[in-house]
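In what follows, a structure is listed as structure tokens, so that the remarks can point back to it.
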Amino acid sequence: MSSSPFFIPQSDPPLPPWETLPTMYDLRSDNPEESGLPDDFYFLQPLLLYLTFQPTIWNPELVYSAADLNLYYDLQHPLWYKRPDWFGVVGVSKLYKGEDLRLSYVTWQEPANPFVVVELLSPGTEAEDLGMKKNAADKPPSKWEVYERILRIPYYIVFSRYTDELQAFQLVGGHYEPMNLIEGRLPMPELGLSLGLWQGSFQDIRKLWLRWFTLAGKLIPLPTEEVATAKQEAATAKQEAAQARQKAEQLTERLRQLGVNPDELD
């Protein structure tokens, strides 16, 4: 084969693009101007909390929860806000003034402050979420300070999907005190609920999730789980009816074999 001035010998073929281009692990997933790592988990985990936040001792029409919604907390600084990963409120209608979907949660325009807040821990937010960071006096206070000192939110929960660590704090005497898990859950009797970790499948993804339970430890069902349960109960009832019918037919046949007419029996 004759050599060409345009032919360059090549010992190794070039790597395919998908092996040389940056992956999701190489590229930023956060907003440089706002800390946190908004990935799939930060959508799915709050959604699971939203769907199962059903306080058993409150009218469902007066239960509200939201994820990644601006929470305005200081009338003296009306532009300051925090953006909890998820928060729940009781005593508040689902619609703002019963009329409109909320654009944000403005505490001085609402009848109640959030009752429970959940923050999903990430390396960029750990210091603020756990109260280890104090902002300057002329800057907005940290989340911890807002939840504890300004809004006085009774329950503050922090969960890390990287370590599966659940940390919980309850407002006691104006300060957050660590909560102990009872049978693996955090009881909140004012809601008739408890919060705990659940190993299961949500949206076809099996992992450890943070999820609401009853105080007794029974899972608050998802809408899809309620449908599945209803179908299973219907199938069980149908099977039991078929078994009862079969037994009745067997008994009728046995009576006929004994010379007894079942139609003449009371």
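Simple scheme: letters A, B, ... for chains in structure tokens order, numbers from 1 for residues in each chain, numbers from 1 for ligands in the order shown.
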Worksheet item: Could you name the residues that touch region 158-173 of chain A at 9 Å or less, counting only C-alpha atoms, but leaving out those on the same chain fewer than 3 positions away, as JSON, numbers by chain?
Response: {"A": [41, 117, 118, 119, 120, 121, 122, 129, 130, 148, 152, 153, 154, 155, 176, 177, 178, 179, 180, 181, 186, 196, 197, 208, 209, 210]}
Env of region 90-104 of chain A: 9 Å cut, atoms = only C-alpha atoms, seq-sep filter 5 positions within chain, self excluded. Answer as a JSON list (two decimals) with all heavy atoms, in the first residue's frame.
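Saved file out_29.json follows:
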```
[["chain", "number", "residue", "atom", "x", "y", "z"],
["A", 55, "PRO", "N", -52.19, 14.97, 58.32],
["A", 55, "PRO", "CA", -52.43, 14.96, 59.77],
["A", 55, "PRO", "C", -53.79, 14.37, 60.10],
["A", 55, "PRO", "O", -54.82, 14.80, 59.56],
["A", 55, "PRO", "CB", -52.34, 16.44, 60.14],
["A", 55, "PRO", "CG", -51.44, 17.03, 59.10],
["A", 55, "PRO", "CD", -51.78, 16.30, 57.84],
["A", 58, "TRP", "N", -56.53, 16.78, 61.94],
["A", 58, "TRP", "CA", -56.85, 18.07, 61.35],
["A", 58, "TRP", "C", -57.74, 17.88, 60.13],
["A", 58, "TRP", "O", -57.63, 16.90, 59.41],
["A", 58, "TRP", "CB", -55.57, 18.80, 60.92],
["A", 58, "TRP", "CG", -54.81, 19.39, 62.07],
["A", 58, "TRP", "CD1", -53.91, 18.75, 62.88],
["A", 58, "TRP", "CD2", -54.91, 20.73, 62.57],
["A", 58, "TRP", "NE1", -53.42, 19.60, 63.82],
["A", 58, "TRP", "CE2", -54.02, 20.84, 63.66],
["A", 58, "TRP", "CE3", -55.63, 21.86, 62.18],
["A", 58, "TRP", "CZ2", -53.84, 22.02, 64.37],
["A", 58, "TRP", "CZ3", -55.47, 23.03, 62.89],
["A", 58, "TRP", "CH2", -54.58, 23.10, 63.98],
["A", 59, "ASN", "N", -58.61, 18.86, 59.93],
["A", 59, "ASN", "CA", -59.43, 18.90, 58.72],
["A", 59, "ASN", "C", -58.52, 19.00, 57.50],
["A", 59, "ASN", "O", -57.70, 19.92, 57.42],
["A", 59, "ASN", "CB", -60.36, 20.11, 58.79],
["A", 59, "ASN", "CG", -61.27, 20.23, 57.58],
["A", 59, "ASN", "OD1", -61.08, 19.56, 56.56],
["A", 59, "ASN", "ND2", -62.27, 21.10, 57.67],
["A", 60, "PRO", "N", -58.64, 18.07, 56.53],
["A", 60, "PRO", "CA", -57.76, 18.12, 55.35],
["A", 60, "PRO", "C", -57.81, 19.44, 54.60],
["A", 60, "PRO", "O", -56.84, 19.81, 53.93],
["A", 60, "PRO", "CB", -58.28, 16.97, 54.48],
["A", 60, "PRO", "CG", -58.97, 16.05, 55.42],
["A", 60, "PRO", "CD", -59.55, 16.92, 56.50],
["A", 61, "GLU", "N", -58.91, 20.16, 54.73],
["A", 61, "GLU", "CA", -59.02, 21.45, 54.05],
["A", 61, "GLU", "C", -58.17, 22.52, 54.71],
["A", 61, "GLU", "O", -57.96, 23.60, 54.14],
["A", 61, "GLU", "CB", -60.48, 21.90, 54.02],
["A", 61, "GLU", "CG", -61.39, 21.00, 53.21],
["A", 61, "GLU", "CD", -60.95, 20.89, 51.76],
["A", 61, "GLU", "OE1", -60.58, 21.93, 51.18],
["A", 61, "GLU", "OE2", -60.94, 19.78, 51.21],
["A", 62, "LEU", "N", -57.69, 22.24, 55.93],
["A", 62, "LEU", "CA", -56.86, 23.20, 56.65],
["A", 62, "LEU", "C", -55.45, 22.66, 56.85],
["A", 62, "LEU", "O", -54.83, 22.84, 57.90],
["A", 62, "LEU", "CB", -57.50, 23.54, 58.00],
["A", 62, "LEU", "CG", -58.85, 24.26, 57.92],
["A", 62, "LEU", "CD1", -59.42, 24.49, 59.31],
["A", 62, "LEU", "CD2", -58.71, 25.59, 57.17],
["A", 63, "VAL", "N", -54.97, 21.98, 55.84],
["A", 63, "VAL", "CA", -53.61, 21.44, 55.84],
["A", 63, "VAL", "C", -52.94, 21.88, 54.55],
["A", 63, "VAL", "O", -53.47, 21.69, 53.46],
["A", 63, "VAL", "CB", -53.62, 19.90, 55.94],
["A", 63, "VAL", "CG1", -52.20, 19.36, 55.79],
["A", 63, "VAL", "CG2", -54.21, 19.45, 57.26],
["A", 64, "TYR", "N", -51.76, 22.47, 54.69],
["A", 64, "TYR", "CA", -51.03, 22.97, 53.52],
["A", 64, "TYR", "C", -49.57, 22.55, 53.62],
["A", 64, "TYR", "O", -48.98, 22.55, 54.71],
["A", 64, "TYR", "CB", -51.13, 24.49, 53.44],
["A", 64, "TYR", "CG", -50.29, 25.10, 52.33],
["A", 64, "TYR", "CD1", -50.70, 25.01, 51.01],
["A", 64, "TYR", "CD2", -49.08, 25.74, 52.62],
["A", 64, "TYR", "CE1", -49.93, 25.54, 49.98],
["A", 64, "TYR", "CE2", -48.31, 26.27, 51.60],
["A", 64, "TYR", "CZ", -48.74, 26.17, 50.29],
["A", 64, "TYR", "OH", -47.96, 26.69, 49.27],
["A", 65, "SER", "N", -48.98, 22.19, 52.50],
["A", 65, "SER", "CA", -47.55, 21.93, 52.48],
["A", 65, "SER", "C", -46.99, 22.33, 51.13],
["A", 65, "SER", "O", -47.74, 22.40, 50.13],
["A", 65, "SER", "CB", -47.24, 20.47, 52.78],
["A", 65, "SER", "OG", -47.63, 19.62, 51.73],
["A", 69, "LEU", "N", -40.53, 26.55, 47.95],
["A", 69, "LEU", "CA", -41.34, 27.76, 47.81],
["A", 69, "LEU", "C", -40.73, 28.85, 48.70],
["A", 69, "LEU", "O", -40.34, 28.58, 49.84],
["A", 69, "LEU", "CB", -42.78, 27.49, 48.23],
["A", 69, "LEU", "CG", -43.82, 28.57, 47.90],
["A", 69, "LEU", "CD1", -44.13, 28.56, 46.42],
["A", 69, "LEU", "CD2", -45.10, 28.33, 48.71],
["A", 70, "ASN", "N", -40.66, 30.07, 48.19],
["A", 70, "ASN", "CA", -40.12, 31.17, 48.99],
["A", 70, "ASN", "C", -40.95, 31.37, 50.26],
["A", 70, "ASN", "O", -42.18, 31.47, 50.19],
["A", 70, "ASN", "CB", -40.10, 32.46, 48.19],
["A", 70, "ASN", "CG", -38.99, 32.51, 47.17],
["A", 70, "ASN", "OD1", -38.24, 31.56, 47.02],
["A", 70, "ASN", "ND2", -38.88, 33.63, 46.46],
["A", 71, "LEU", "N", -40.27, 31.45, 51.38],
["A", 71, "LEU", "CA", -40.90, 31.65, 52.68],
["A", 71, "LEU", "C", -40.43, 33.00, 53.21],
["A", 71, "LEU", "O", -39.29, 33.16, 53.65],
["A", 71, "LEU", "CB", -40.51, 30.52, 53.63],
["A", 71, "LEU", "CG", -40.96, 30.61, 55.09],
["A", 71, "LEU", "CD1", -42.48, 30.58, 55.20],
["A", 71, "LEU", "CD2", -40.35, 29.47, 55.90],
["A", 72, "TYR", "N", -41.31, 34.01, 53.16],
["A", 72, "TYR", "CA", -40.98, 35.36, 53.64],
["A", 72, "TYR", "C", -41.32, 35.45, 55.13],
["A", 72, "TYR", "O", -42.41, 35.07, 55.54],
["A", 72, "TYR", "CB", -41.75, 36.40, 52.84],
["A", 72, "TYR", "CG", -41.26, 36.52, 51.41],
["A", 72, "TYR", "CD1", -41.83, 35.75, 50.39],
["A", 72, "TYR", "CD2", -40.24, 37.39, 51.08],
["A", 72, "TYR", "CE1", -41.37, 35.84, 49.09],
["A", 72, "TYR", "CE2", -39.77, 37.49, 49.77],
["A", 72, "TYR", "CZ", -40.34, 36.72, 48.78],
["A", 72, "TYR", "OH", -39.89, 36.80, 47.49],
["A", 110, "GLU", "N", -50.46, 35.32, 56.43],
["A", 110, "GLU", "CA", -51.04, 34.01, 56.67],
["A", 110, "GLU", "C", -51.46, 33.85, 58.13],
["A", 110, "GLU", "O", -50.89, 34.48, 59.01],
["A", 110, "GLU", "CB", -50.05, 32.91, 56.31],
["A", 110, "GLU", "CG", -49.57, 32.90, 54.86],
["A", 110, "GLU", "CD", -50.61, 32.33, 53.90],
["A", 110, "GLU", "OE1", -51.70, 31.89, 54.36],
["A", 110, "GLU", "OE2", -50.33, 32.28, 52.68],
["A", 111, "PRO", "N", -52.46, 33.00, 58.40],
["A", 111, "PRO", "CA", -52.92, 32.82, 59.78],
["A", 111, "PRO", "C", -51.99, 31.99, 60.65],
["A", 111, "PRO", "O", -52.15, 31.97, 61.88],
["A", 111, "PRO", "CB", -54.27, 32.11, 59.61],
["A", 111, "PRO", "CG", -54.20, 31.45, 58.28],
["A", 111, "PRO", "CD", -53.32, 32.31, 57.42],
["A", 112, "ALA", "N", -51.02, 31.30, 60.07],
["A", 112, "ALA", "CA", -50.13, 30.45, 60.87],
["A", 112, "ALA", "C", -48.78, 30.31, 60.18],
["A", 112, "ALA", "O", -48.68, 30.34, 58.96],
["A", 112, "ALA", "CB", -50.75, 29.06, 61.08],
["A", 113, "ASN", "N", -47.75, 30.16, 61.02],
["A", 113, "ASN", "CA", -46.41, 29.87, 60.51],
["A", 113, "ASN", "C", -46.29, 28.37, 60.24],
["A", 113, "ASN", "O", -47.09, 27.57, 60.75],
["A", 113, "ASN", "CB", -45.35, 30.28, 61.53],
["A", 113, "ASN", "CG", -45.20, 31.78, 61.63],
["A", 113, "ASN", "OD1", -45.56, 32.52, 60.72],
["A", 113, "ASN", "ND2", -44.67, 32.24, 62.75],
["A", 114, "PRO", "N", -45.31, 27.96, 59.47],
["A", 114, "PRO", "CA", -45.09, 26.52, 59.28],
["A", 114, "PRO", "C", -44.96, 25.80, 60.62],
["A", 114, "PRO", "O", -44.42, 26.35, 61.59],
["A", 114, "PRO", "CB", -43.79, 26.46, 58.47],
["A", 114, "PRO", "CG", -43.78, 27.74, 57.70],
["A", 114, "PRO", "CD", -44.38, 28.76, 58.62],
["A", 115, "PHE", "N", -45.45, 24.57, 60.66],
["A", 115, "PHE", "CA", -45.38, 23.76, 61.88],
["A", 115, "PHE", "C", -44.19, 22.82, 61.86],
["A", 115, "PHE", "O", -43.64, 22.46, 62.89],
["A", 115, "PHE", "CB", -46.67, 22.94, 62.03],
["A", 115, "PHE", "CG", -46.83, 22.36, 63.41],
["A", 115, "PHE", "CD1", -47.34, 23.12, 64.44],
["A", 115, "PHE", "CD2", -46.45, 21.05, 63.66],
["A", 115, "PHE", "CE1", -47.49, 22.59, 65.71],
["A", 115, "PHE", "CE2", -46.59, 20.52, 64.93],
["A", 115, "PHE", "CZ", -47.11, 21.28, 65.96],
["A", 191, "LEU", "N", -49.95, 16.67, 65.42],
["A", 191, "LEU", "CA", -50.42, 16.38, 64.07],
["A", 191, "LEU", "C", -51.11, 15.02, 63.96],
["A", 191, "LEU", "O", -51.77, 14.73, 62.97],
["A", 191, "LEU", "CB", -49.24, 16.39, 63.08],
["A", 191, "LEU", "CG", -48.45, 17.69, 62.95],
["A", 191, "LEU", "CD1", -47.23, 17.48, 62.06],
["A", 191, "LEU", "CD2", -49.32, 18.81, 62.43]]
```
Per-residue DSSP, region 3-207 of chain A, filtered to alpha helix (DSSP H), as a short mmCIF file (atom, residue, chain, number, x, y, z; two decimals) with all heavy atoms, in the first residue's frame:
```cif
data_model
loop_
_atom_site.label_atom_id
_atom_site.label_comp_id
_atom_site.auth_asym_id
_atom_site.auth_seq_id
_atom_site.Cartn_x
_atom_site.Cartn_y
_atom_site.Cartn_z
N PRO A 17 -16.98 9.88 21.95
CA PRO A 17 -17.27 11.14 22.67
C PRO A 17 -17.81 10.93 24.08
O PRO A 17 -17.49 11.69 24.99
CB PRO A 17 -18.31 11.82 21.76
CG PRO A 17 -18.07 11.25 20.41
CD PRO A 17 -17.62 9.84 20.64
N TRP A 18 -18.66 9.90 24.26
CA TRP A 18 -19.26 9.73 25.59
C TRP A 18 -18.25 9.33 26.66
O TRP A 18 -18.55 9.35 27.83
CB TRP A 18 -20.40 8.69 25.52
CG TRP A 18 -19.98 7.34 25.00
CD1 TRP A 18 -19.44 6.32 25.71
CD2 TRP A 18 -20.10 6.88 23.67
NE1 TRP A 18 -19.20 5.24 24.90
CE2 TRP A 18 -19.60 5.54 23.64
CE3 TRP A 18 -20.58 7.43 22.48
CZ2 TRP A 18 -19.55 4.78 22.47
CZ3 TRP A 18 -20.53 6.66 21.33
CH2 TRP A 18 -20.02 5.37 21.33
N GLU A 19 -17.04 8.96 26.22
CA GLU A 19 -16.01 8.63 27.20
C GLU A 19 -15.09 9.82 27.48
O GLU A 19 -14.31 9.78 28.43
CB GLU A 19 -15.17 7.45 26.70
CG GLU A 19 -15.92 6.12 26.68
CD GLU A 19 -15.01 4.94 26.39
OE1 GLU A 19 -13.79 5.10 26.56
OE2 GLU A 19 -15.53 3.88 26.00
N THR A 20 -15.17 10.84 26.68
CA THR A 20 -14.29 11.99 26.88
C THR A 20 -15.04 13.25 27.29
O THR A 20 -14.47 14.13 27.91
CB THR A 20 -13.51 12.29 25.59
OG1 THR A 20 -14.45 12.55 24.52
CG2 THR A 20 -12.63 11.12 25.21
N PHE A 41 -33.34 13.75 43.52
CA PHE A 41 -33.77 13.48 44.88
C PHE A 41 -34.47 14.68 45.49
O PHE A 41 -35.42 14.53 46.25
CB PHE A 41 -32.55 13.10 45.73
CG PHE A 41 -32.89 12.81 47.18
CD1 PHE A 41 -33.52 11.63 47.53
CD2 PHE A 41 -32.57 13.71 48.17
CE1 PHE A 41 -33.85 11.36 48.86
CE2 PHE A 41 -32.89 13.46 49.50
CZ PHE A 41 -33.53 12.27 49.84
N TYR A 42 -34.02 15.88 45.14
CA TYR A 42 -34.61 17.10 45.70
C TYR A 42 -35.99 17.39 45.12
O TYR A 42 -36.69 18.28 45.60
CB TYR A 42 -33.68 18.29 45.49
CG TYR A 42 -32.53 18.31 46.46
CD1 TYR A 42 -31.47 17.42 46.31
CD2 TYR A 42 -32.52 19.17 47.55
CE1 TYR A 42 -30.42 17.40 47.21
CE2 TYR A 42 -31.49 19.16 48.45
CZ TYR A 42 -30.43 18.28 48.29
OH TYR A 42 -29.41 18.25 49.19
N PHE A 43 -36.37 16.65 44.10
CA PHE A 43 -37.75 16.70 43.60
C PHE A 43 -38.58 15.58 44.21
O PHE A 43 -39.70 15.81 44.69
CB PHE A 43 -37.76 16.61 42.08
CG PHE A 43 -39.12 16.39 41.50
CD1 PHE A 43 -40.05 17.42 41.45
CD2 PHE A 43 -39.51 15.13 41.02
CE1 PHE A 43 -41.31 17.22 40.92
CE2 PHE A 43 -40.77 14.93 40.50
CZ PHE A 43 -41.67 15.97 40.45
N LEU A 44 -38.04 14.36 44.22
CA LEU A 44 -38.82 13.20 44.62
C LEU A 44 -39.06 13.14 46.13
O LEU A 44 -40.18 12.83 46.57
CB LEU A 44 -38.13 11.92 44.16
CG LEU A 44 -38.10 11.71 42.65
CD1 LEU A 44 -37.24 10.51 42.29
CD2 LEU A 44 -39.51 11.54 42.09
N GLN A 45 -38.05 13.43 46.93
CA GLN A 45 -38.23 13.33 48.37
C GLN A 45 -39.28 14.32 48.90
O GLN A 45 -40.19 13.93 49.63
CB GLN A 45 -36.90 13.52 49.10
CG GLN A 45 -37.01 13.53 50.63
CD GLN A 45 -37.56 12.25 51.21
OE1 GLN A 45 -36.82 11.31 51.47
NE2 GLN A 45 -38.87 12.18 51.44
N PRO A 46 -39.23 15.61 48.53
CA PRO A 46 -40.31 16.50 48.95
C PRO A 46 -41.68 16.06 48.42
O PRO A 46 -42.70 16.26 49.10
CB PRO A 46 -39.89 17.86 48.37
CG PRO A 46 -38.41 17.78 48.28
CD PRO A 46 -38.13 16.36 47.88
N LEU A 47 -41.72 15.49 47.23
CA LEU A 47 -42.99 15.02 46.68
C LEU A 47 -43.58 13.92 47.56
O LEU A 47 -44.80 13.89 47.82
CB LEU A 47 -42.79 14.52 45.25
CG LEU A 47 -44.03 13.94 44.56
CD1 LEU A 47 -45.13 14.98 44.44
CD2 LEU A 47 -43.66 13.39 43.18
N LEU A 48 -42.74 13.00 48.02
CA LEU A 48 -43.21 11.93 48.90
C LEU A 48 -43.74 12.51 50.21
O LEU A 48 -44.78 12.07 50.72
CB LEU A 48 -42.09 10.93 49.16
CG LEU A 48 -42.41 9.78 50.12
CD1 LEU A 48 -43.60 8.97 49.62
CD2 LEU A 48 -41.19 8.88 50.30
N LEU A 49 -43.05 13.49 50.76
CA LEU A 49 -43.53 14.14 51.99
C LEU A 49 -44.86 14.85 51.73
O LEU A 49 -45.78 14.78 52.56
CB LEU A 49 -42.49 15.15 52.49
CG LEU A 49 -41.17 14.56 52.99
CD1 LEU A 49 -40.17 15.68 53.28
CD2 LEU A 49 -41.39 13.72 54.24
N TYR A 50 -44.96 15.51 50.60
CA TYR A 50 -46.19 16.23 50.24
C TYR A 50 -47.38 15.28 50.15
O TYR A 50 -48.47 15.56 50.67
CB TYR A 50 -45.96 16.96 48.91
CG TYR A 50 -47.18 17.65 48.36
CD1 TYR A 50 -47.50 18.95 48.73
CD2 TYR A 50 -48.02 17.00 47.45
CE1 TYR A 50 -48.62 19.59 48.22
CE2 TYR A 50 -49.13 17.62 46.93
CZ TYR A 50 -49.43 18.92 47.31
OH TYR A 50 -50.55 19.54 46.82
N LEU A 51 -47.17 14.15 49.48
CA LEU A 51 -48.27 13.21 49.25
C LEU A 51 -48.71 12.48 50.52
O LEU A 51 -49.85 12.01 50.60
CB LEU A 51 -47.86 12.20 48.18
CG LEU A 51 -47.68 12.75 46.77
CD1 LEU A 51 -47.10 11.69 45.85
CD2 LEU A 51 -49.00 13.28 46.21
N THR A 52 -47.82 12.35 51.49
CA THR A 52 -48.15 11.58 52.70
C THR A 52 -48.36 12.47 53.93
O THR A 52 -48.59 11.95 55.02
CB THR A 52 -47.07 10.53 53.01
OG1 THR A 52 -45.80 11.17 53.18
CG2 THR A 52 -46.98 9.52 51.87
N GLU A 126 -24.75 22.47 54.64
CA GLU A 126 -24.68 21.84 55.96
C GLU A 126 -24.49 22.85 57.09
O GLU A 126 -25.17 22.79 58.11
CB GLU A 126 -23.55 20.81 55.98
CG GLU A 126 -23.44 20.07 57.29
CD GLU A 126 -22.41 18.96 57.23
OE1 GLU A 126 -21.74 18.82 56.19
OE2 GLU A 126 -22.27 18.24 58.23
N ALA A 127 -23.57 23.78 56.92
CA ALA A 127 -23.27 24.73 57.99
C ALA A 127 -24.50 25.56 58.35
O ALA A 127 -24.81 25.76 59.53
CB ALA A 127 -22.12 25.64 57.58
N GLU A 128 -25.21 26.04 57.34
CA GLU A 128 -26.39 26.87 57.62
C GLU A 128 -27.55 26.03 58.15
O GLU A 128 -28.23 26.42 59.09
CB GLU A 128 -26.83 27.62 56.37
CG GLU A 128 -28.04 28.52 56.63
CD GLU A 128 -28.43 29.36 55.42
OE1 GLU A 128 -27.80 29.22 54.37
OE2 GLU A 128 -29.38 30.15 55.56
N ASP A 129 -27.77 24.86 57.56
CA ASP A 129 -28.91 24.03 57.96
C ASP A 129 -28.80 23.57 59.40
O ASP A 129 -29.82 23.40 60.08
CB ASP A 129 -29.01 22.81 57.04
CG ASP A 129 -29.44 23.19 55.63
OD1 ASP A 129 -29.90 24.33 55.44
OD2 ASP A 129 -29.31 22.35 54.73
N LYS A 143 -30.88 29.96 58.09
CA LYS A 143 -32.14 29.21 58.19
C LYS A 143 -32.42 28.82 59.62
O LYS A 143 -33.56 28.92 60.10
CB LYS A 143 -32.06 27.97 57.30
CG LYS A 143 -32.20 28.23 55.82
CD LYS A 143 -32.17 26.93 55.03
CE LYS A 143 -32.36 27.19 53.54
NZ LYS A 143 -32.31 25.93 52.75
N TRP A 144 -31.42 28.31 60.29
CA TRP A 144 -31.59 27.89 61.68
C TRP A 144 -32.14 29.03 62.53
O TRP A 144 -33.09 28.85 63.30
CB TRP A 144 -30.25 27.39 62.23
CG TRP A 144 -30.30 26.90 63.66
CD1 TRP A 144 -30.36 27.67 64.80
CD2 TRP A 144 -30.31 25.54 64.11
NE1 TRP A 144 -30.39 26.89 65.91
CE2 TRP A 144 -30.36 25.59 65.52
CE3 TRP A 144 -30.26 24.32 63.46
CZ2 TRP A 144 -30.37 24.42 66.29
CZ3 TRP A 144 -30.27 23.16 64.22
CH2 TRP A 144 -30.32 23.22 65.62
N GLU A 145 -31.56 30.21 62.39
CA GLU A 145 -32.01 31.37 63.17
C GLU A 145 -33.44 31.74 62.82
O GLU A 145 -34.24 32.07 63.70
CB GLU A 145 -31.08 32.55 62.92
CG GLU A 145 -29.68 32.37 63.45
CD GLU A 145 -28.77 33.53 63.07
OE1 GLU A 145 -28.37 33.60 61.89
OE2 GLU A 145 -28.48 34.36 63.94
#
```
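Between CA of Phe213 (chain A) and CA of Arg83 (chain A) lies a distance of 24.8 Å.
Considering the residues A:Glu264, A:Lys207, A:Phe202, A:Asp12 and counting only C-alpha atoms, Pro223 (chain A) has its shortest atom-to-atom contact with A:Phe202.
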